[in-house]
>>> print(open('structure_9.pdb').read())   # PDB, C-alpha atoms
ATOM      1  CA  MET A  28       5.921 -11.190  -8.617
ATOM      2  CA  GLU A  29       5.034 -11.133  -4.899
ATOM      3  CA  LEU A  30       8.434 -12.585  -3.978
ATOM      4  CA  GLN A  31      10.366 -10.359  -6.415
ATOM      5  CA  ILE A  32       8.772  -7.191  -5.040
ATOM      6  CA  ALA A  33       9.283  -8.407  -1.458
ATOM      7  CA  LYS A  34      13.010  -8.904  -2.099
ATOM      8  CA  ASP A  35      13.197  -5.532  -3.848
ATOM      9  CA  LEU A  36      11.615  -3.706  -0.908
ATOM     10  CA  LEU A  37      13.889  -5.443   1.589
ATOM     11  CA  LYS A  38      16.999  -4.726  -0.490
ATOM     12  CA  ILE A  39      16.420  -0.962  -0.550
ATOM     13  CA  GLY A  40      15.190  -0.753   3.048
ATOM     14  CA  ALA A  41      11.664   0.255   2.068
ATOM     15  CA  VAL A  42      10.318  -2.439   4.382
ATOM     16  CA  PHE A  43      12.589  -2.891   7.359
ATOM     17  CA  PHE A  44      12.014  -5.471  10.108
ATOM     18  CA  ARG A  45      13.270  -4.860  13.637
ATOM     19  CA  PRO A  46      11.462  -7.261  16.000
ATOM     20  CA  GLN A  47      14.097  -6.844  18.705
ATOM     21  CA  GLU A  48      13.748  -3.027  18.774
ATOM     22  CA  PRO A  49      10.154  -2.215  17.766
ATOM     23  CA  PHE A  50       9.197   1.037  16.110
ATOM     24  CA  THR A  51       6.408   3.127  17.643
ATOM     25  CA  TRP A  52       3.551   4.146  15.379
ATOM     26  CA  ALA A  53       1.768   7.477  15.803
ATOM     27  CA  SER A  54      -1.066   5.542  17.456
ATOM     28  CA  GLY A  55       1.374   4.304  20.114
ATOM     29  CA  ILE A  56       1.351   0.719  18.833
ATOM     30  CA  LYS A  57       4.709  -1.040  18.937
ATOM     31  CA  SER A  58       5.549  -2.435  15.520
ATOM     32  CA  PRO A  59       8.348  -4.753  14.339
ATOM     33  CA  VAL A  60       8.195  -3.277  10.849
ATOM     34  CA  TYR A  61       8.820   0.094   9.246
ATOM     35  CA  CYS A  62       7.533   0.823   5.732
ATOM     36  CA  ASP A  63       8.685   3.624   3.440
ATOM     37  CA  ASN A  64       7.762   2.717  -0.114
ATOM     38  CA  ARG A  65       8.753   6.210  -1.262
ATOM     39  CA  LEU A  66      12.275   4.805  -1.397
ATOM     40  CA  THR A  67      11.263   2.860  -4.502
ATOM     41  CA  LEU A  68      11.206   6.168  -6.373
ATOM     42  CA  THR A  69      14.951   6.653  -5.867
ATOM     43  CA  ALA A  70      15.839   3.083  -6.904
ATOM     44  CA  PRO A  71      15.310   2.951 -10.704
ATOM     45  CA  GLU A  72      15.409  -0.837 -11.111
ATOM     46  CA  VAL A  73      12.996  -1.430  -8.220
ATOM     47  CA  ARG A  74      10.825   1.462  -9.372
ATOM     48  CA  GLY A  75      10.534  -0.228 -12.754
ATOM     49  CA  HIS A  76       9.446  -3.494 -11.149
ATOM     50  CA  VAL A  77       6.884  -1.680  -9.011
ATOM     51  CA  GLU A  78       5.308   0.509 -11.676
ATOM     52  CA  ASN A  79       5.182  -2.229 -14.302
ATOM     53  CA  GLY A  80       3.772  -4.536 -11.651
ATOM     54  CA  LEU A  81       1.022  -2.057 -10.799
ATOM     55  CA  ALA A  82       0.215  -1.706 -14.497
ATOM     56  CA  GLU A  83       0.014  -5.501 -14.763
ATOM     57  CA  LEU A  84      -2.384  -5.693 -11.817
ATOM     58  CA  ILE A  85      -4.636  -3.050 -13.369
ATOM     59  CA  ARG A  86      -4.658  -4.723 -16.781
ATOM     60  CA  LYS A  87      -5.500  -8.072 -15.181
ATOM     61  CA  HIS A  88      -8.081  -7.055 -12.584
ATOM     62  CA  TYR A  89      -9.467  -3.739 -13.852
ATOM     63  CA  PRO A  90      -9.218  -3.849 -17.664
ATOM     64  CA  GLU A  91     -11.987  -1.234 -17.973
ATOM     65  CA  ALA A  92      -9.972   1.428 -16.080
ATOM     66  CA  GLU A  93     -10.221   4.891 -17.626
ATOM     67  CA  VAL A  94      -8.439   7.019 -15.004
ATOM     68  CA  LEU A  95      -5.897   6.354 -12.245
ATOM     69  CA  MET A  96      -6.161   8.363  -9.036
ATOM     70  CA  GLY A  97      -3.303   8.466  -6.538
ATOM     71  CA  THR A  98      -3.668   8.862  -2.804
ATOM     72  CA  SER A  99      -2.064  11.925  -1.246
ATOM     73  CA  THR A 100       0.833  12.007  -0.983
ATOM     74  CA  ALA A 101       2.501   8.618  -1.280
ATOM     75  CA  GLY A 102       0.380   7.303  -4.134
ATOM     76  CA  ILE A 103       0.731  10.316  -6.436
ATOM     77  CA  ALA A 104       4.052   9.449  -8.071
ATOM     78  CA  HIS A 105       3.128   5.782  -8.474
ATOM     79  CA  ALA A 106      -0.177   6.713 -10.093
ATOM     80  CA  ALA A 107       1.589   9.119 -12.450
ATOM     81  CA  ILE A 108       4.261   6.664 -13.588
ATOM     82  CA  THR A 109       1.818   3.771 -13.930
ATOM     83  CA  ALA A 110      -0.617   5.948 -15.881
ATOM     84  CA  HIS A 111       2.245   6.950 -18.200
ATOM     85  CA  ILE A 112       3.079   3.284 -18.819
ATOM     86  CA  MET A 113      -0.568   2.514 -19.572
ATOM     87  CA  GLY A 114      -1.319   5.661 -21.551
ATOM     88  CA  LEU A 115      -4.092   6.648 -19.134
ATOM     89  CA  PRO A 116      -5.013   9.988 -17.551
ATOM     90  CA  MET A 117      -4.318  10.398 -13.848
ATOM     91  CA  GLY A 118      -4.983  12.677 -10.956
ATOM     92  CA  TYR A 119      -4.911  12.524  -7.204
ATOM     93  CA  VAL A 120      -7.098  13.130  -4.191
ATOM     94  CA  ARG A 121      -6.006  15.557  -1.495
ATOM     95  CA  SER A 122      -6.457  14.722   2.184
ATOM     96  CA  GLY A 123      -8.753  17.759   2.341
ATOM     97  CA  SER A 124     -10.071  20.498   0.074
ATOM     98  CA  LYS A 125      -7.748  23.414  -0.684
ATOM     99  CA  ASP A 126      -8.555  26.605   1.204
ATOM    100  CA  HIS A 127      -7.859  28.770  -1.858
ATOM    101  CA  GLY A 128      -8.518  28.917  -5.588
ATOM    102  CA  ARG A 129     -11.184  26.453  -6.714
ATOM    103  CA  GLN A 130     -10.930  24.590  -3.381
ATOM    104  CA  ASN A 131     -10.412  21.289  -5.156
ATOM    105  CA  GLN A 132      -9.971  18.031  -3.312
ATOM    106  CA  ILE A 133      -9.689  16.021  -6.514
ATOM    107  CA  GLU A 134      -6.845  17.235  -8.726
ATOM    108  CA  GLY A 135      -6.993  16.396 -12.408
ATOM    109  CA  LYS A 136      -9.968  16.060 -14.716
ATOM    110  CA  LEU A 137     -12.597  13.565 -13.607
ATOM    111  CA  GLU A 138     -15.953  13.152 -15.308
ATOM    112  CA  PRO A 139     -18.979  11.645 -13.524
ATOM    113  CA  GLY A 140     -19.303   7.973 -14.418
ATOM    114  CA  GLN A 141     -15.641   7.465 -15.296
ATOM    115  CA  LYS A 142     -14.128   4.158 -14.203
ATOM    116  CA  VAL A 143     -11.336   4.815 -11.718
ATOM    117  CA  VAL A 144      -8.629   2.735 -10.062
ATOM    118  CA  VAL A 145      -7.063   4.124  -6.890
ATOM    119  CA  VAL A 146      -3.276   3.748  -6.543
ATOM    120  CA  GLU A 147      -1.941   3.468  -2.979
ATOM    121  CA  ASP A 148       1.507   2.655  -1.612
ATOM    122  CA  LEU A 149       0.467   0.510   1.352
ATOM    123  CA  ILE A 150      -2.667  -0.714   3.100
ATOM    124  CA  SER A 151      -2.812  -1.250   6.867
ATOM    125  CA  THR A 152      -6.201  -0.579   8.471
ATOM    126  CA  GLY A 153      -7.596   0.831   5.211
ATOM    127  CA  GLY A 154      -8.875   4.102   6.661
ATOM    128  CA  SER A 155      -7.005   6.582   4.481
ATOM    129  CA  VAL A 156      -7.540   4.819   1.159
ATOM    130  CA  LEU A 157     -11.257   4.427   1.846
ATOM    131  CA  GLU A 158     -11.521   8.172   2.413
ATOM    132  CA  VAL A 159     -10.175   8.593  -1.123
ATOM    133  CA  VAL A 160     -12.658   6.029  -2.469
ATOM    134  CA  ASN A 161     -15.527   7.894  -0.786
ATOM    135  CA  VAL A 162     -14.446  11.277  -2.198
ATOM    136  CA  LEU A 163     -14.295   9.809  -5.698
ATOM    137  CA  ARG A 164     -17.677   8.134  -5.356
ATOM    138  CA  GLU A 165     -19.230  11.357  -4.115
ATOM    139  CA  ALA A 166     -17.854  13.054  -7.230
ATOM    140  CA  GLY A 167     -19.715  10.513  -9.355
ATOM    141  CA  ALA A 168     -16.791   8.254 -10.274
ATOM    142  CA  GLN A 169     -17.218   4.507 -10.617
ATOM    143  CA  VAL A 170     -14.400   3.169  -8.444
ATOM    144  CA  LEU A 171     -13.385  -0.209  -9.827
ATOM    145  CA  GLY A 172     -10.981  -0.890  -6.971
ATOM    146  CA  ILE A 173      -7.520  -0.299  -5.530
ATOM    147  CA  VAL A 174      -3.983  -1.390  -6.391
ATOM    148  CA  SER A 175      -1.156  -1.028  -3.892
ATOM    149  CA  ILE A 176       2.476  -1.950  -3.472
ATOM    150  CA  PHE A 177       2.145  -3.627  -0.086
ATOM    151  CA  THR A 178      -0.598  -4.767   2.268
ATOM    152  CA  TYR A 179      -0.386  -5.905   5.862
ATOM    153  CA  GLY A 180      -3.514  -8.025   5.480
ATOM    154  CA  MET A 181      -4.755  -6.811   8.866
ATOM    155  CA  GLN A 182      -8.243  -8.003   9.754
ATOM    156  CA  LYS A 183      -9.490  -4.481  10.403
ATOM    157  CA  GLY A 184      -8.403  -3.389   6.964
ATOM    158  CA  LEU A 185      -9.954  -6.426   5.273
ATOM    159  CA  GLU A 186     -13.253  -5.836   7.067
ATOM    160  CA  ARG A 187     -13.309  -2.148   6.145
ATOM    161  CA  LEU A 188     -12.658  -2.852   2.478
ATOM    162  CA  ALA A 189     -15.358  -5.522   2.426
ATOM    163  CA  ALA A 190     -17.870  -3.198   4.108
ATOM    164  CA  ALA A 191     -17.119  -0.511   1.510
ATOM    165  CA  GLU A 192     -17.488  -3.090  -1.276
ATOM    166  CA  VAL A 193     -14.108  -2.309  -2.769
ATOM    167  CA  THR A 194     -11.311  -4.695  -3.716
ATOM    168  CA  ASN A 195      -7.564  -4.247  -3.349
ATOM    169  CA  TYR A 196      -4.803  -6.067  -5.177
ATOM    170  CA  SER A 197      -1.248  -5.657  -3.881
ATOM    171  CA  LEU A 198       2.103  -6.450  -5.435
ATOM    172  CA  THR A 199       3.198  -8.157  -2.240
ATOM    173  CA  ASN A 200       2.038  -8.687   1.333
ATOM    174  CA  PHE A 201       3.214  -8.928   4.914
ATOM    175  CA  ASP A 202       3.406 -12.726   5.006
ATOM    176  CA  VAL A 203       5.527 -12.959   1.859
ATOM    177  CA  ILE A 204       7.881 -10.213   3.006
ATOM    178  CA  ALA A 205       8.256 -11.737   6.493
ATOM    179  CA  GLN A 206       9.228 -15.102   5.009
ATOM    180  CA  ALA A 207      11.550 -13.459   2.474
ATOM    181  CA  ALA A 208      13.194 -11.490   5.299
ATOM    182  CA  ALA A 209      13.907 -14.758   7.122
ATOM    183  CA  ASP A 210      15.145 -16.512   3.968
ATOM    184  CA  GLU A 211      17.448 -13.601   3.115
ATOM    185  CA  GLY A 212      18.846 -13.322   6.656
ATOM    186  CA  TYR A 213      17.266  -9.976   7.626
ATOM    187  CA  ILE A 214      15.554 -11.637  10.597
ATOM    188  CA  ALA A 215      15.861 -14.989  12.375
ATOM    189  CA  PRO A 216      13.577 -17.765  11.039
ATOM    190  CA  GLU A 217      11.892 -18.060  14.431
ATOM    191  CA  ASP A 218      10.831 -14.412  14.209
ATOM    192  CA  VAL A 219       8.395 -15.069  11.345
ATOM    193  CA  GLN A 220       5.611 -16.359  13.604
ATOM    194  CA  ARG A 221       6.143 -13.429  15.969
ATOM    195  CA  LEU A 222       5.620 -11.059  13.048
ATOM    196  CA  ILE A 223       2.465 -12.884  11.978
ATOM    197  CA  ARG A 224       1.133 -12.619  15.535
ATOM    198  CA  PHE A 225       1.693  -8.859  15.353
ATOM    199  CA  ARG A 226      -0.148  -8.681  12.027
ATOM    200  CA  ASN A 227      -3.061 -10.678  13.414
ATOM    201  CA  ASN A 228      -3.486  -8.404  16.430
ATOM    202  CA  PRO A 229      -1.315  -5.241  16.449
ATOM    203  CA  SER A 230      -2.658  -4.069  19.816
ATOM    204  CA  ASP A 231      -1.511  -7.276  21.555
ATOM    205  CA  GLU A 232       2.158  -6.854  22.420
ATOM    206  CA  SER A 233       2.667 -10.514  23.381
ATOM    207  CA  TRP A 234       4.400 -10.997  20.011
ATOM    208  CA  MET A 235       7.424  -9.244  21.550
ATOM    209  CA  ASN A 236       7.984 -12.324  23.723
ATOM    210  CA  ARG A 237       9.931 -15.048  21.975
ATOM    211  CA  GLY A 238       7.835 -17.757  23.558
TER     212      GLY A 238
END
>>> encode(input="structure_9.pdb", output="structure tokens")
Amino acid sequence: MELQIAKDLLKIGAVFFRPQEPFTWASGIKSPVYCDNRLTLTAPEVRGHVENGLAELIRKHYPEAEVLMGTSTAGIAHAAITAHIMGLPMGYVRSGSKDHGRQNQIEGKLEPGQKVVVVEDLISTGGSVLEVVNVLREAGAQVLGIVSIFTYGMQKGLERLAAAEVTNYSLTNFDVIAQAAADEGYIAPEDVQRLIRFRNNPSDESWMNRG
């Protein structure tokens, strides 16, 4: 499944590698990769692979799941479709409480003690998804873990998840996609190690040198 999803994401341009002309993240870091997994929503065949894959991950790793909660905003649609496939209730967690009405941060019905799986589109440093986990825990939910479409596998993210005592299972990962990109001709084979060097230390721009 990891390779199938990797090829799917490359085919629709959801994960696009450009080591020769790096993208600039909001943090200022130069990156050889651009991710937009929202594009899976407009590609029905790929969307089917993704949502059924997420459902498979949940059934395998979190069989006790009672509710799916999407991250705002990218995880909402994936949580909704996956919950529909599984016949489970879903909701989502806002990035902050509303300033009107009931001032909810958690949308959808959630009872204290319910077993929740968080649905995210991608994991990099883990900061945003862990904010969602914390909000759910504060509301009394039992967070079983996270499922996501794609993970970079960055050390900072792995350490944060471990410190928060939460697991993540992804449909595919940076290493698989980098190799698939080389095999499919999206990047040169020699660029794979450069991409891995970026993943290992995003703040070190030496990966931009071919040597």
>>> closest_residue(input="structure_9.pdb", among="A:Val94, A:Leu66, A:Met181, A:Met117", to="Pro139 of chain A", atoms="all atoms listed in the file")
A:Val94
>>> resolve_selection(input="structure_9.pdb", expression="the PyMOL selection byres ((chain A and resi 100-110) around 6)", output="ChimeraX atom specification")
/A:78,82,97-99,111-115,146-148
>>> atom_distance(input="structure_9.pdb", atom1="atom CA of Val120 of chain A", atom2="atom CA of Met96 of chain A")
6.9 Å
>>> resolve_selection(input="structure_9.pdb", expression="the PyMOL selection byres ((chain A and resi 209-226) around 8)", output="ChimeraX atom specification")
/A:44-46,58-59,179-181,201-202,205-208,227-232,234-235,237
>>> atom_distance(input="structure_9.pdb", atom1="atom CA of Ile204 of chain A", atom2="atom CA of Leu36 of chain A")
8.5 Å
>>> atom_distance(input="structure_9.pdb", atom1="atom CA of Leu163 of chain A", atom2="atom CA of Ala189 of chain A")
17.4 Å
>>> closest_residue(input="structure_9.pdb", among="A:Gln47, A:Asn236, A:Gln169, A:Thr199", to="Glu138 of chain A", atoms="only C-alpha atoms")
A:Gln169
